[in-house]
>>> print(open('start_27.cif').read())   # mmCIF, C-alpha atoms
data_input
#
loop_
_atom_site.label_atom_id
_atom_site.label_comp_id
_atom_site.auth_asym_id
_atom_site.auth_seq_id
_atom_site.Cartn_x
_atom_site.Cartn_y
_atom_site.Cartn_z
CA MET A 29 -2.76 55.84 42.93
CA TYR A 30 -5.08 53.02 43.93
CA TYR A 31 -4.33 49.28 44.10
CA LEU A 32 -7.37 47.27 43.09
CA PRO A 33 -7.93 43.49 42.61
CA ALA A 34 -7.58 42.05 39.11
CA PHE A 35 -10.59 39.89 38.25
CA THR A 36 -10.30 36.93 35.90
CA ASP A 37 -13.65 37.24 34.10
CA GLY A 38 -15.70 40.37 33.45
CA GLY A 39 -14.24 42.21 36.49
CA LEU A 40 -14.81 45.94 37.04
CA ILE A 41 -12.10 48.44 37.91
CA PRO A 42 -12.19 52.22 38.38
CA TYR A 43 -11.09 54.25 35.43
CA GLY A 44 -10.36 57.95 34.85
CA SER A 45 -12.86 60.09 33.04
CA ALA A 46 -10.12 62.31 31.67
CA ARG A 47 -6.88 60.36 31.08
CA THR A 48 -6.33 56.87 32.43
CA LYS A 49 -2.73 55.74 32.61
CA CYS A 50 -1.20 52.44 33.75
CA SER A 51 1.94 53.05 35.77
CA SER A 52 2.95 49.65 37.20
CA HIS A 53 1.55 46.40 38.59
CA VAL A 54 2.40 43.94 41.28
CA PRO A 55 1.26 40.29 41.49
CA GLY A 56 -2.52 40.18 41.72
CA ARG A 57 -2.87 43.98 41.55
CA ILE A 58 -3.13 46.72 38.94
CA ALA A 59 -1.95 50.26 39.70
CA VAL A 60 -3.94 52.97 37.91
CA PHE A 61 -4.59 56.68 38.36
CA VAL A 62 -8.35 57.04 38.76
CA PRO A 63 -10.24 60.22 39.55
CA ALA A 64 -13.63 58.40 39.65
CA GLY A 65 -16.02 56.06 37.87
CA TRP A 66 -16.45 52.34 36.97
CA ARG A 67 -15.96 50.71 33.62
CA ASP A 68 -15.54 47.21 32.18
CA TYR A 69 -12.13 45.70 32.91
CA SER A 70 -11.58 44.20 29.46
CA ARG A 71 -12.50 47.49 27.78
CA PHE A 72 -10.04 49.30 29.99
CA CYS A 73 -7.24 46.87 29.14
CA GLY A 74 -7.91 47.34 25.46
CA THR A 75 -7.75 51.13 25.87
CA ALA A 76 -4.56 50.98 27.88
CA GLY A 77 -2.90 48.43 25.61
CA LEU A 78 -2.67 45.74 28.33
CA ALA A 79 -3.57 42.06 28.41
CA PRO A 80 -5.69 40.86 31.34
CA ILE A 81 -3.74 39.39 34.27
CA GLN A 82 -5.57 36.18 35.19
CA GLY A 83 -5.30 35.11 38.76
CA GLY A 84 -2.21 37.17 39.54
CA ILE A 85 0.96 35.07 39.15
CA LYS A 86 1.25 33.38 35.75
CA MET A 87 0.95 29.63 36.20
CA ALA A 88 3.80 27.42 35.00
CA GLU A 89 3.26 24.44 32.73
CA PRO A 90 0.50 22.34 34.39
CA LYS A 91 1.14 18.85 35.73
CA TYR A 92 -2.46 17.67 35.53
CA VAL A 93 -5.69 18.71 33.84
CA ILE A 94 -9.04 17.88 35.43
CA GLU A 95 -11.66 17.28 32.75
CA ALA A 96 -15.32 17.11 33.74
CA THR A 97 -18.68 17.20 31.99
CA ILE A 98 -21.49 19.52 33.07
CA ARG A 99 -25.25 19.30 32.49
CA THR A 100 -27.92 21.76 33.61
CA ASP A 101 -31.70 21.77 33.25
CA GLY A 102 -31.73 25.45 32.30
CA THR A 103 -29.69 28.12 30.58
CA VAL A 104 -26.45 29.26 32.20
CA GLN A 105 -23.43 31.21 31.02
CA ARG A 106 -19.70 30.51 31.36
CA LYS A 107 -19.29 33.11 34.08
CA ASP A 108 -22.11 31.43 36.06
CA VAL A 109 -20.24 28.11 35.96
CA VAL A 110 -16.90 29.69 36.93
CA GLY A 111 -18.57 31.60 39.76
CA ALA A 112 -20.24 28.43 41.06
CA ILE A 113 -16.91 26.56 41.04
CA PHE A 114 -15.16 29.21 43.12
CA GLY A 115 -18.19 30.06 45.28
CA GLN A 116 -19.59 26.64 46.18
CA THR A 117 -16.17 25.09 46.96
CA GLU A 118 -15.17 28.01 49.20
CA GLY A 119 -14.83 26.80 52.79
CA LEU A 120 -15.48 23.21 51.76
CA LEU A 121 -11.84 22.10 51.67
CA GLY A 122 -10.23 24.29 54.30
CA GLU A 123 -8.05 27.38 54.07
CA SER A 124 -5.14 25.64 52.31
CA LEU A 125 -7.37 24.53 49.42
CA GLN A 126 -9.27 27.74 48.67
CA LEU A 127 -9.40 27.88 44.86
CA ARG A 128 -9.14 31.66 44.62
CA ALA A 129 -6.02 31.72 46.77
CA MET A 130 -4.50 28.82 44.84
CA GLN A 131 -5.16 30.59 41.54
CA ARG A 132 -3.49 33.78 42.78
CA LYS A 133 -0.44 31.74 43.77
CA GLY A 134 -0.31 30.00 40.40
CA ARG A 135 -1.12 26.53 41.75
CA ILE A 136 -4.19 26.16 39.56
CA GLY A 137 -4.84 27.78 36.23
CA HIS A 138 -7.66 29.42 34.35
CA VAL A 139 -10.96 27.52 34.42
CA ASP A 140 -11.83 26.71 30.81
CA VAL A 141 -15.55 26.17 30.18
CA GLU A 142 -17.15 25.13 26.87
CA LEU A 143 -20.96 25.13 26.78
CA GLN A 144 -23.61 24.15 24.25
CA ASN A 145 -27.25 25.15 24.59
CA GLN A 146 -29.72 22.61 23.26
CA ARG A 147 -33.45 23.33 23.64
CA GLY A 148 -33.02 25.34 26.80
CA LYS A 149 -30.65 22.87 28.46
CA VAL A 150 -26.90 23.27 28.67
CA GLN A 151 -24.16 20.69 28.52
CA GLY A 152 -20.43 21.16 28.17
CA ILE A 153 -16.90 20.46 29.37
CA ILE A 154 -14.89 21.99 32.22
CA ARG A 155 -11.09 21.87 32.20
CA LEU A 156 -9.02 22.92 35.18
CA PRO A 157 -5.20 22.72 34.98
CA THR A 158 -3.19 22.30 38.20
CA MET A 159 0.44 22.49 39.33
CA ILE A 160 -0.06 20.57 42.56
CA ASP A 161 0.43 16.97 43.59
CA GLN A 162 -1.81 14.06 42.58
CA VAL A 163 -3.62 13.83 45.93
CA THR A 164 -4.58 17.50 46.06
CA THR A 165 -5.64 17.43 42.39
CA ALA A 166 -7.90 14.44 43.06
CA VAL A 167 -9.47 16.21 46.09
CA ILE A 168 -10.24 19.30 44.00
CA ALA A 169 -11.70 17.11 41.24
CA ALA A 170 -13.96 15.38 43.75
CA ALA A 171 -15.03 18.77 45.14
CA LEU A 172 -16.26 19.83 41.68
CA GLU A 173 -18.79 17.00 41.73
CA THR A 174 -20.43 18.47 44.86
CA ILE A 175 -21.77 21.41 42.82
CA ASP A 176 -25.47 20.71 42.27
CA ARG A 177 -26.86 24.16 41.42
CA ILE A 178 -25.70 26.93 39.13
CA GLY A 179 -27.85 30.00 39.46
CA PRO A 180 -31.50 28.91 39.40
CA CYS A 181 -30.73 25.65 37.56
CA GLN A 182 -30.09 22.14 38.75
CA ALA A 183 -26.59 21.03 37.68
CA ASN A 184 -24.63 17.83 37.49
CA ILE A 185 -20.84 17.79 37.18
CA LYS A 186 -19.01 14.50 36.57
CA VAL A 187 -15.21 14.23 36.40
CA GLN A 188 -14.26 12.11 33.38
CA LYS A 189 -10.51 11.96 33.84
CA ILE A 190 -7.44 13.58 35.31
CA GLU A 191 -4.85 13.78 32.56
CA ASN A 192 -1.17 13.61 33.41
CA VAL A 193 0.10 16.28 31.01
CA ARG A 194 3.77 15.41 31.28
CA SER A 195 3.12 11.70 30.84
CA ALA A 196 1.00 12.39 27.78
CA LYS A 197 3.74 14.58 26.38
CA ARG A 198 6.36 11.92 27.07
CA THR A 199 4.23 9.37 25.20
CA GLN A 200 3.85 11.82 22.34
CA VAL A 201 7.60 12.45 22.29
CA VAL A 202 8.37 8.71 22.24
CA ASP A 203 5.88 7.98 19.44
CA ARG A 204 7.08 10.89 17.36
CA ALA A 205 10.73 9.98 17.95
CA LYS A 206 10.03 6.43 16.74
CA ASN A 207 8.41 7.74 13.56
CA LEU A 208 11.24 10.18 12.91
CA LEU A 209 13.84 7.47 13.47
CA LEU A 210 12.08 5.02 11.13
CA ASN A 211 11.77 7.73 8.47
CA LEU A 212 15.46 8.53 8.85
CA VAL A 213 16.51 4.89 8.59
CA ASN A 214 14.20 4.15 5.65
CA SER A 215 15.19 7.25 3.73
CA GLY A 216 18.83 6.37 4.25
CA ALA A 217 18.32 2.83 2.96
CA GLU A 218 16.36 4.04 -0.06
CA GLU A 219 18.98 6.67 -0.78
CA SER A 220 21.74 4.06 -0.61
CA SER A 221 19.80 1.67 -2.83
CA SER A 222 19.02 4.38 -5.38
CA ILE A 223 22.70 5.39 -5.50
CA LEU A 224 23.76 1.80 -6.18
CA ASP A 225 21.10 1.38 -8.87
CA GLU A 226 22.06 4.67 -10.47
CA VAL A 227 25.73 3.73 -10.67
CA ARG A 228 24.93 0.19 -11.81
CA SER A 229 22.70 1.51 -14.58
CA VAL A 230 25.81 2.85 -16.35
CA LEU A 231 26.76 -0.76 -17.09
CA THR A 232 23.40 -1.66 -18.62
CA LEU A 233 22.21 1.65 -20.12
CA GLY A 234 21.43 1.21 -23.78
CA THR A 235 22.59 -2.44 -23.88
CA GLU A 236 19.12 -3.92 -24.48
CA THR A 237 18.87 -5.23 -28.05
CA ASN A 238 16.38 -7.01 -30.29
CA HIS A 239 16.58 -10.32 -32.14
CA HIS A 240 13.72 -10.95 -34.58
CA GLY A 241 11.28 -9.11 -32.31
CA MET A 242 12.57 -10.74 -29.12
CA THR A 243 14.14 -8.47 -26.46
CA CYS A 244 17.58 -9.72 -25.45
CA GLY A 245 20.84 -8.71 -23.82
CA PRO A 246 23.93 -7.68 -25.86
CA ASN A 247 25.66 -11.05 -25.39
CA ALA A 248 22.66 -13.28 -26.14
CA ILE A 249 23.66 -13.84 -29.78
CA GLU A 250 27.42 -14.37 -29.41
CA SER A 251 27.64 -16.09 -26.02
CA ASN A 252 27.89 -19.90 -25.81
CA ALA A 253 25.30 -19.83 -23.00
CA LEU A 254 21.75 -18.57 -23.34
CA ILE A 255 19.13 -17.77 -20.67
CA ILE A 256 15.52 -17.86 -21.90
CA VAL A 257 12.95 -15.83 -19.93
CA GLU A 258 9.32 -14.92 -20.55
CA GLY A 259 9.13 -11.15 -21.09
CA ARG A 260 11.19 -8.05 -21.83
CA ASN A 261 11.00 -6.85 -18.22
CA ASP A 262 12.68 -10.09 -17.16
CA VAL A 263 15.55 -9.32 -19.55
CA ARG A 264 15.82 -5.76 -18.23
CA ASN A 265 15.95 -6.92 -14.62
CA LEU A 266 18.74 -9.38 -15.44
CA LEU A 267 20.60 -6.63 -17.31
CA LYS A 268 20.33 -4.38 -14.28
CA HIS A 269 22.19 -7.02 -12.30
CA GLY A 270 24.88 -7.63 -14.93
CA ILE A 271 23.45 -10.67 -16.77
CA LYS A 272 23.63 -9.89 -20.50
CA ASN A 273 22.91 -13.18 -22.27
CA ALA A 274 19.14 -13.42 -21.68
CA ILE A 275 16.41 -13.45 -24.34
CA ALA A 276 12.63 -13.20 -23.96
CA THR A 277 10.06 -15.43 -25.66
CA MET A 278 7.76 -12.37 -25.60
CA GLY A 279 4.85 -14.57 -24.53
CA SER A 280 3.69 -15.41 -28.08
CA GLY A 281 4.80 -19.01 -28.38
CA ILE A 282 8.24 -20.37 -29.23
CA THR A 283 9.37 -18.86 -32.51
CA GLU A 284 11.47 -20.65 -35.10
CA GLU A 285 14.18 -18.00 -34.71
CA LEU A 286 14.50 -18.77 -30.99
CA VAL A 287 14.79 -22.50 -31.74
CA GLU A 288 17.52 -21.83 -34.31
CA LEU A 289 19.41 -19.59 -31.87
CA ALA A 290 19.23 -22.21 -29.12
CA LYS A 291 20.66 -24.86 -31.46
CA LYS A 292 23.89 -22.85 -31.68
CA LYS A 293 24.43 -22.77 -27.91
CA SER A 294 26.23 -25.30 -25.75
CA ASN A 295 24.23 -24.33 -22.66
CA VAL A 296 20.57 -23.22 -22.70
CA THR A 297 18.86 -22.37 -19.39
CA ALA A 298 15.16 -21.62 -19.01
CA PHE A 299 14.64 -19.13 -16.16
CA MET A 300 10.90 -19.14 -15.45
CA ASP A 301 8.50 -17.47 -13.02
CA GLY A 302 7.56 -19.47 -9.92
CA ASP A 303 3.89 -19.92 -10.88
CA ARG A 304 1.73 -22.15 -13.08
CA GLY A 305 2.23 -19.89 -16.09
CA GLY A 306 5.99 -20.28 -15.78
CA THR A 307 5.66 -24.08 -15.60
CA LEU A 308 3.42 -24.19 -18.69
CA LEU A 309 5.88 -22.05 -20.66
CA LEU A 310 8.72 -24.31 -19.52
CA VAL A 311 6.91 -27.41 -20.79
CA GLU A 312 6.28 -25.62 -24.09
CA LEU A 313 9.97 -24.71 -24.31
CA GLU A 314 10.99 -28.30 -23.69
CA GLY A 315 8.67 -29.45 -26.45
CA ALA A 316 10.15 -26.96 -28.90
CA LEU A 317 13.85 -27.23 -27.99
CA GLY A 318 14.06 -30.88 -26.98
CA ASN A 319 17.57 -31.84 -25.84
CA LYS A 320 18.91 -28.35 -26.55
CA LEU A 321 17.28 -27.19 -23.30
CA THR A 322 20.00 -28.19 -20.87
CA HIS A 323 19.05 -26.54 -17.56
CA VAL A 324 16.06 -25.07 -15.72
CA ALA A 325 16.04 -22.32 -13.07
CA LEU A 326 12.82 -21.36 -11.29
CA ALA A 327 12.00 -18.18 -9.36
CA PRO A 328 10.77 -18.67 -5.77
CA GLU A 329 7.15 -19.77 -5.54
CA SER A 330 4.63 -17.09 -6.60
CA ARG A 331 7.41 -14.65 -7.57
CA GLU A 332 8.28 -13.28 -11.02
CA VAL A 333 11.75 -12.94 -12.53
CA GLU A 334 11.20 -9.26 -13.32
CA HIS A 335 10.80 -8.44 -9.60
CA LEU A 336 13.68 -10.51 -8.17
CA GLU A 337 16.57 -8.90 -6.31
CA GLY A 338 20.16 -9.45 -7.44
CA LYS A 339 20.99 -11.92 -4.67
CA VAL A 340 17.89 -13.99 -5.40
CA ILE A 341 18.67 -14.08 -9.14
CA THR A 342 22.19 -15.30 -8.44
CA LYS A 343 20.93 -17.97 -6.04
CA CYS A 344 18.31 -19.26 -8.51
CA LEU A 345 20.82 -19.52 -11.36
CA ASN A 346 23.39 -21.20 -9.15
CA GLN A 347 20.78 -23.78 -8.13
CA LYS A 348 19.64 -24.55 -11.70
CA THR A 349 18.76 -28.17 -12.40
CA GLU A 350 19.33 -30.37 -15.44
CA ALA A 351 16.27 -30.07 -17.63
CA LYS A 352 15.68 -33.82 -18.06
CA LYS A 353 15.57 -34.26 -14.26
CA ILE A 354 12.92 -31.62 -13.58
CA ILE A 355 10.69 -31.52 -16.68
CA GLY A 356 9.15 -34.91 -16.00
CA ARG A 357 8.34 -34.00 -12.41
CA LEU A 358 6.78 -30.68 -13.44
CA LYS A 359 4.65 -32.40 -16.09
CA ALA A 360 3.44 -34.88 -13.48
CA ASP A 361 2.55 -32.01 -11.12
CA LEU A 362 0.58 -30.26 -13.87
CA GLN A 363 -1.24 -33.47 -14.73
CA LYS A 364 -2.07 -34.02 -11.07
CA GLN A 365 -3.49 -30.49 -10.80
CA ASP A 366 -5.57 -31.02 -13.94
CA ASP A 367 -6.88 -34.34 -12.63
CA GLU A 368 -7.92 -32.71 -9.36
CA VAL A 369 -9.83 -29.97 -11.18
CA LEU A 370 -11.15 -31.78 -14.27
CA GLY A 371 -11.01 -35.43 -13.26
CA LYS A 372 -8.80 -38.15 -14.71
CA LYS A 373 -8.89 -38.81 -18.44
CA GLU A 374 -10.41 -42.23 -18.00
CA ASP A 375 -13.26 -40.57 -16.08
CA LEU A 376 -14.06 -38.17 -18.93
CA ALA A 377 -16.34 -38.85 -21.83
CA PRO A 378 -14.46 -39.93 -25.01
CA VAL A 379 -13.71 -37.19 -27.54
CA VAL A 380 -15.69 -37.48 -30.76
CA VAL A 381 -13.30 -36.83 -33.65
CA PRO A 382 -14.69 -36.23 -37.14
CA ASP A 383 -13.53 -38.73 -39.78
CA ALA A 384 -12.02 -35.95 -41.85
CA VAL A 385 -9.74 -34.99 -38.95
CA ARG A 386 -8.70 -38.64 -38.45
CA ASP A 387 -7.58 -38.71 -42.10
CA TRP A 388 -5.07 -35.92 -41.33
CA LYS A 389 -2.98 -38.15 -39.03
CA GLU A 390 -0.65 -39.39 -41.76
CA SER A 391 0.02 -35.86 -43.02
CA PHE A 392 0.58 -34.65 -39.44
CA GLU A 393 3.28 -37.24 -38.78
CA GLY A 394 5.31 -35.92 -41.69
CA LEU A 395 5.19 -32.32 -40.35
CA ALA A 396 8.40 -30.91 -38.79
CA LYS A 397 8.50 -29.74 -35.15
CA ASN A 398 6.85 -26.35 -34.54
CA LYS A 399 5.66 -26.20 -38.14
CA ALA A 400 2.06 -25.63 -39.25
CA CYS A 401 0.13 -25.97 -42.47
CA PHE A 402 -3.45 -25.42 -43.63
CA VAL A 403 -5.68 -28.19 -45.02
CA LEU A 404 -7.46 -26.97 -48.13
CA GLU A 405 -10.92 -28.00 -49.42
CA ASP A 406 -9.47 -30.45 -51.95
CA GLY A 407 -7.44 -32.17 -49.21
CA GLU A 408 -4.13 -30.63 -50.28
CA LEU A 409 -1.80 -29.03 -47.74
CA SER A 410 -0.31 -25.54 -47.88
CA GLU A 411 3.41 -24.95 -47.51
CA PRO A 412 4.70 -25.57 -43.94
CA LEU A 413 5.07 -22.35 -41.94
CA GLY A 414 6.90 -21.42 -38.74
CA ALA A 415 5.01 -19.97 -35.80
CA SER A 416 6.22 -16.45 -36.56
CA LYS A 417 4.82 -16.57 -40.14
CA LEU A 418 1.56 -18.30 -39.31
CA ALA A 419 -0.49 -15.09 -39.12
CA GLU A 420 0.78 -13.93 -42.52
CA GLY A 421 -0.01 -17.33 -44.02
CA ALA A 422 -3.55 -17.22 -42.63
CA GLU A 423 -4.18 -13.93 -44.43
CA ASN A 424 -3.09 -15.37 -47.79
CA VAL A 425 -4.89 -18.71 -47.60
CA SER A 426 -8.49 -19.17 -48.71
CA GLY A 427 -10.85 -22.12 -48.44
CA ALA A 428 -9.00 -23.77 -45.53
CA VAL A 429 -10.99 -26.44 -43.69
CA GLY A 430 -8.37 -27.28 -41.05
CA MET A 431 -4.92 -26.64 -39.69
CA LEU A 432 -2.13 -28.99 -38.60
CA PHE A 433 0.33 -27.73 -36.00
CA ASN A 434 3.18 -29.84 -34.62
CA GLY A 435 3.43 -27.88 -31.38
CA LYS A 436 1.35 -26.56 -28.49
CA ILE A 437 -1.76 -24.57 -29.34
CA THR A 438 -1.95 -21.20 -27.57
CA SER A 439 -4.61 -18.48 -27.51
CA ARG A 440 -2.69 -16.66 -30.25
CA THR A 441 -2.81 -19.74 -32.49
CA LEU A 442 -6.56 -19.97 -31.95
CA GLU A 443 -6.99 -16.31 -32.95
CA ILE A 444 -5.06 -16.93 -36.20
CA ALA A 445 -7.13 -20.02 -37.00
CA LYS A 446 -10.40 -18.20 -36.38
CA SER A 447 -9.33 -15.28 -38.58
CA ALA A 448 -8.72 -17.78 -41.42
CA GLY A 449 -12.12 -19.42 -40.88
CA VAL A 450 -10.55 -22.74 -39.83
CA PRO A 451 -13.10 -24.87 -37.89
CA HIS A 452 -10.75 -27.74 -36.83
CA ILE A 453 -7.15 -27.92 -35.62
CA LEU A 454 -5.01 -31.02 -35.07
CA ALA A 455 -2.02 -30.37 -32.79
CA SER A 456 0.52 -32.24 -30.69
CA SER A 457 -0.64 -30.56 -27.47
CA VAL A 458 -2.88 -27.76 -26.27
CA ASN A 459 -3.12 -25.32 -23.36
CA GLU A 460 -6.38 -24.78 -21.49
CA ASP A 461 -7.28 -21.98 -23.92
CA THR A 462 -10.47 -22.39 -25.97
CA MET A 463 -12.24 -20.24 -28.55
CA GLU A 464 -15.77 -20.39 -29.86
CA GLY A 465 -15.93 -21.60 -33.46
CA VAL A 466 -12.60 -23.47 -33.39
CA GLU A 467 -12.37 -27.12 -32.27
CA VAL A 468 -8.97 -28.46 -31.26
CA PHE A 469 -7.91 -32.12 -31.27
CA VAL A 470 -4.60 -33.72 -30.28
CA LEU A 471 -2.99 -36.89 -31.54
CA SER A 472 -4.00 -38.79 -28.39
CA ASP A 473 -7.66 -38.19 -29.31
CA LEU A 474 -7.34 -40.11 -32.59
#
>>> encode(input="start_27.cif", output="structure tokens")
Amino acid sequence: MYYLPAFTDGGLIPYGSARTKCSSHVPGRIAVFVPAGWRDYSRFCGTAGLAPIQGGIKMAEPKYVIEATIRTDGTVQRKDVVGAIFGQTEGLLGESLQLRAMQRKGRIGHVDVELQNQRGKVQGIIRLPTMIDQVTTAVIAAALETIDRIGPCQANIKVQKIENVRSAKRTQVVDRAKNLLLNLVNSGAEESSSILDEVRSVLTLGTETNHHGMTCGPNAIESNALIIVEGRNDVRNLLKHGIKNAIATMGSGITEELVELAKKKSNVTAFMDGDRGGTLLLVELEGALGNKLTHVALAPESREVEHLEGKVITKCLNQKTEAKKIIGRLKADLQKQDDEVLGKKEDLAPVVVPDAVRDWKESFEGLAKNKACFVLEDGELSEPLGASKLAEGAENVSGAVGMLFNGKITSRTLEIAKSAGVPHILASSVNEDTMEGVEVFVLSDL
């Protein structure tokens, strides 16, 4: 039995020509039965079923990792770099800092070298883990920079950093722990919220109804109080939070059926979005309902009713204002915004109104609120129609030269007029909507 050194890279050990058998090993040594001969160490380990023992004692988890870049003016191999590191630092730092001895004792680890060959020149990265103190690690790192030749080639080694492995791991642990904690907290909150919504949905499931094409809650028809909102999603959000007497205008103007329903209520509240669209719809509602609109509630600025939380909905409804106190202020705000964008009315050029349209004023004054009629070629008027039946009336009329509408003109009204071939409309008010081929005038223009 012979005890021979275990080399870390490409070492050679004796091997038996007949049967080679590994019996035992001690730190830094391999015990083998060898009659004679030399063969490659790695090949022998593969034959014997062993893994190479690098540097003797297995190094514990490193404290630091020295990372350096290497450049050479010729071609070198990994083993050349490793050999230069051990060879050229030998005797430089004294007996206590001999790299080979430190590796055998497990104080430094395996030298990891990554090289890339580009047009006959080599550059790469060297990593050397250590289990020693900061001062000794820094001395070894500085010693690597003294290597100026590897084989026949000029070399330059520059230490980029000394990484504190444990500190890096602690930072990683802290960051990961924060993410895990946030995920845990958020998932818990979402789970709690979803449970509450799921249970609450039992109260509102299937309770959404319909009144003449307008989505509403189950109590909207029978209740003495009515909440008017813009769309069906607004109604659904209020239902989810237990408010069952809401009805939606459905965004197509104020229908006659909604006006008739509001007349039966002792308390009518308009709950509008907190944007310009909500204000415009509120003004239209006030024009259609008059004194029957008793209160106004507005969502927070730039927010929509369909996205409000339960607490916010309750707060907005509790802070509702008498309609007559807020409508005037909102109209003034809208007028101010229009003046800033378009200029004041007195600054604008006067509107040229055809004589035929001026002749319609007397007929217009006799038209009921939110009613419309078509002016025929012979000057006669069609039967007055509500907003909901205006489209049907436009299909049945022929030869209309104008339309009278005692309400606010919307984009939908313009579409109906254009489909009937009506060139002129006289209305009480108009939104900013326009349509090619249809000219709209209001009473103030006459």
>>> residues_around(input="start_27.cif", residues="segment 286-301 of chain A", least_positions_apart="2", cutoff="9 Å", atoms="all atoms listed in the file", output="JSON list (two decimals) with C-alpha atoms, keeping the file's coordinate frame")
[["chain", "number", "residue", "atom", "x", "y", "z"],
["A", 239, "HIS", "CA", 16.58, -10.32, -32.14],
["A", 240, "HIS", "CA", 13.72, -10.95, -34.58],
["A", 242, "MET", "CA", 12.57, -10.74, -29.12],
["A", 249, "ILE", "CA", 23.66, -13.84, -29.78],
["A", 251, "SER", "CA", 27.64, -16.09, -26.02],
["A", 252, "ASN", "CA", 27.89, -19.90, -25.81],
["A", 253, "ALA", "CA", 25.30, -19.83, -23.00],
["A", 254, "LEU", "CA", 21.75, -18.57, -23.34],
["A", 255, "ILE", "CA", 19.13, -17.77, -20.67],
["A", 256, "ILE", "CA", 15.52, -17.86, -21.90],
["A", 257, "VAL", "CA", 12.95, -15.83, -19.93],
["A", 258, "GLU", "CA", 9.32, -14.92, -20.55],
["A", 275, "ILE", "CA", 16.41, -13.45, -24.34],
["A", 277, "THR", "CA", 10.06, -15.43, -25.66],
["A", 282, "ILE", "CA", 8.24, -20.37, -29.23],
["A", 283, "THR", "CA", 9.37, -18.86, -32.51],
["A", 284, "GLU", "CA", 11.47, -20.65, -35.10],
["A", 303, "ASP", "CA", 3.89, -19.92, -10.88],
["A", 304, "ARG", "CA", 1.73, -22.15, -13.08],
["A", 305, "GLY", "CA", 2.23, -19.89, -16.09],
["A", 306, "GLY", "CA", 5.99, -20.28, -15.78],
["A", 307, "THR", "CA", 5.66, -24.08, -15.60],
["A", 309, "LEU", "CA", 5.88, -22.05, -20.66],
["A", 310, "LEU", "CA", 8.72, -24.31, -19.52],
["A", 313, "LEU", "CA", 9.97, -24.71, -24.31],
["A", 316, "ALA", "CA", 10.15, -26.96, -28.90],
["A", 317, "LEU", "CA", 13.85, -27.23, -27.99],
["A", 320, "LYS", "CA", 18.91, -28.35, -26.55],
["A", 321, "LEU", "CA", 17.28, -27.19, -23.30],
["A", 322, "THR", "CA", 20.00, -28.19, -20.87],
["A", 323, "HIS", "CA", 19.05, -26.54, -17.56],
["A", 324, "VAL", "CA", 16.06, -25.07, -15.72],
["A", 325, "ALA", "CA", 16.04, -22.32, -13.07],
["A", 326, "LEU", "CA", 12.82, -21.36, -11.29],
["A", 327, "ALA", "CA", 12.00, -18.18, -9.36],
["A", 328, "PRO", "CA", 10.77, -18.67, -5.77],
["A", 329, "GLU", "CA", 7.15, -19.77, -5.54],
["A", 330, "SER", "CA", 4.63, -17.09, -6.60],
["A", 331, "ARG", "CA", 7.41, -14.65, -7.57],
["A", 332, "GLU", "CA", 8.28, -13.28, -11.02],
["A", 333, "VAL", "CA", 11.75, -12.94, -12.53],
["A", 334, "GLU", "CA", 11.20, -9.26, -13.32],
["A", 344, "CYS", "CA", 18.31, -19.26, -8.51],
["A", 345, "LEU", "CA", 20.82, -19.52, -11.36],
["A", 348, "LYS", "CA", 19.64, -24.55, -11.70],
["A", 350, "GLU", "CA", 19.33, -30.37, -15.44],
["A", 351, "ALA", "CA", 16.27, -30.07, -17.63]]
>>> residues_around(input="start_27.cif", residues="Leu156 of chain A", least_positions_apart="5", cutoff="7 Å", atoms="all atoms listed in the file", output="PyMOL selection string")
chain A and resi 93-95+137-140
>>> atom_distance(input="start_27.cif", atom1="atom CA of Pro412 of chain A", atom2="atom CA of Lys436 of chain A")
15.8 Å
>>> resolve_selection(input="start_27.cif", expression="the PyMOL selection byres ((chain A and resi 179) around 8)", output="count of residues only")
7
>>> atom_distance(input="start_27.cif", atom1="atom CA of Gly259 of chain A", atom2="atom CA of Met278 of chain A")
4.9 Å
>>> atom_distance(input="start_27.cif", atom1="atom CA of Glu312 of chain A", atom2="atom CA of Cys401 of chain A")
19.4 Å
>>> residues_around(input="start_27.cif", residues="segment 183-186 of chain A", least_positions_apart="5", cutoff="7 Å", atoms="all atoms listed in the file", output="list in words")
Ala96, Thr97, Ile98, Arg99, Thr100, Asp101, Leu172, Glu173, Ile175, Asp176, Arg177 and Ile178 of chain A
>>> resolve_selection(input="start_27.cif", expression="the PyMOL selection byres ((chain A and resi 440) around 10)", output="compact mmCIF listing (two decimals) with C-alpha atoms, in the coordinates of the input")
# COMPACT_ATOMS: atom_id res chain seq x y z
CA GLY A 279 4.85 -14.57 -24.53
CA SER A 280 3.69 -15.41 -28.08
CA GLY A 281 4.80 -19.01 -28.38
CA ALA A 419 -0.49 -15.09 -39.12
CA ILE A 437 -1.76 -24.57 -29.34
CA THR A 438 -1.95 -21.20 -27.57
CA SER A 439 -4.61 -18.48 -27.51
CA THR A 441 -2.81 -19.74 -32.49
CA LEU A 442 -6.56 -19.97 -31.95
CA GLU A 443 -6.99 -16.31 -32.95
CA ILE A 444 -5.06 -16.93 -36.20
CA ALA A 445 -7.13 -20.02 -37.00
CA LYS A 446 -10.40 -18.20 -36.38
CA ASP A 461 -7.28 -21.98 -23.92
>>> closest_residue(input="start_27.cif", among="A:Asn434, A:Ser472, A:Gln105, A:Ser391", to="Val150 of chain A", atoms="only C-alpha atoms")
A:Gln105
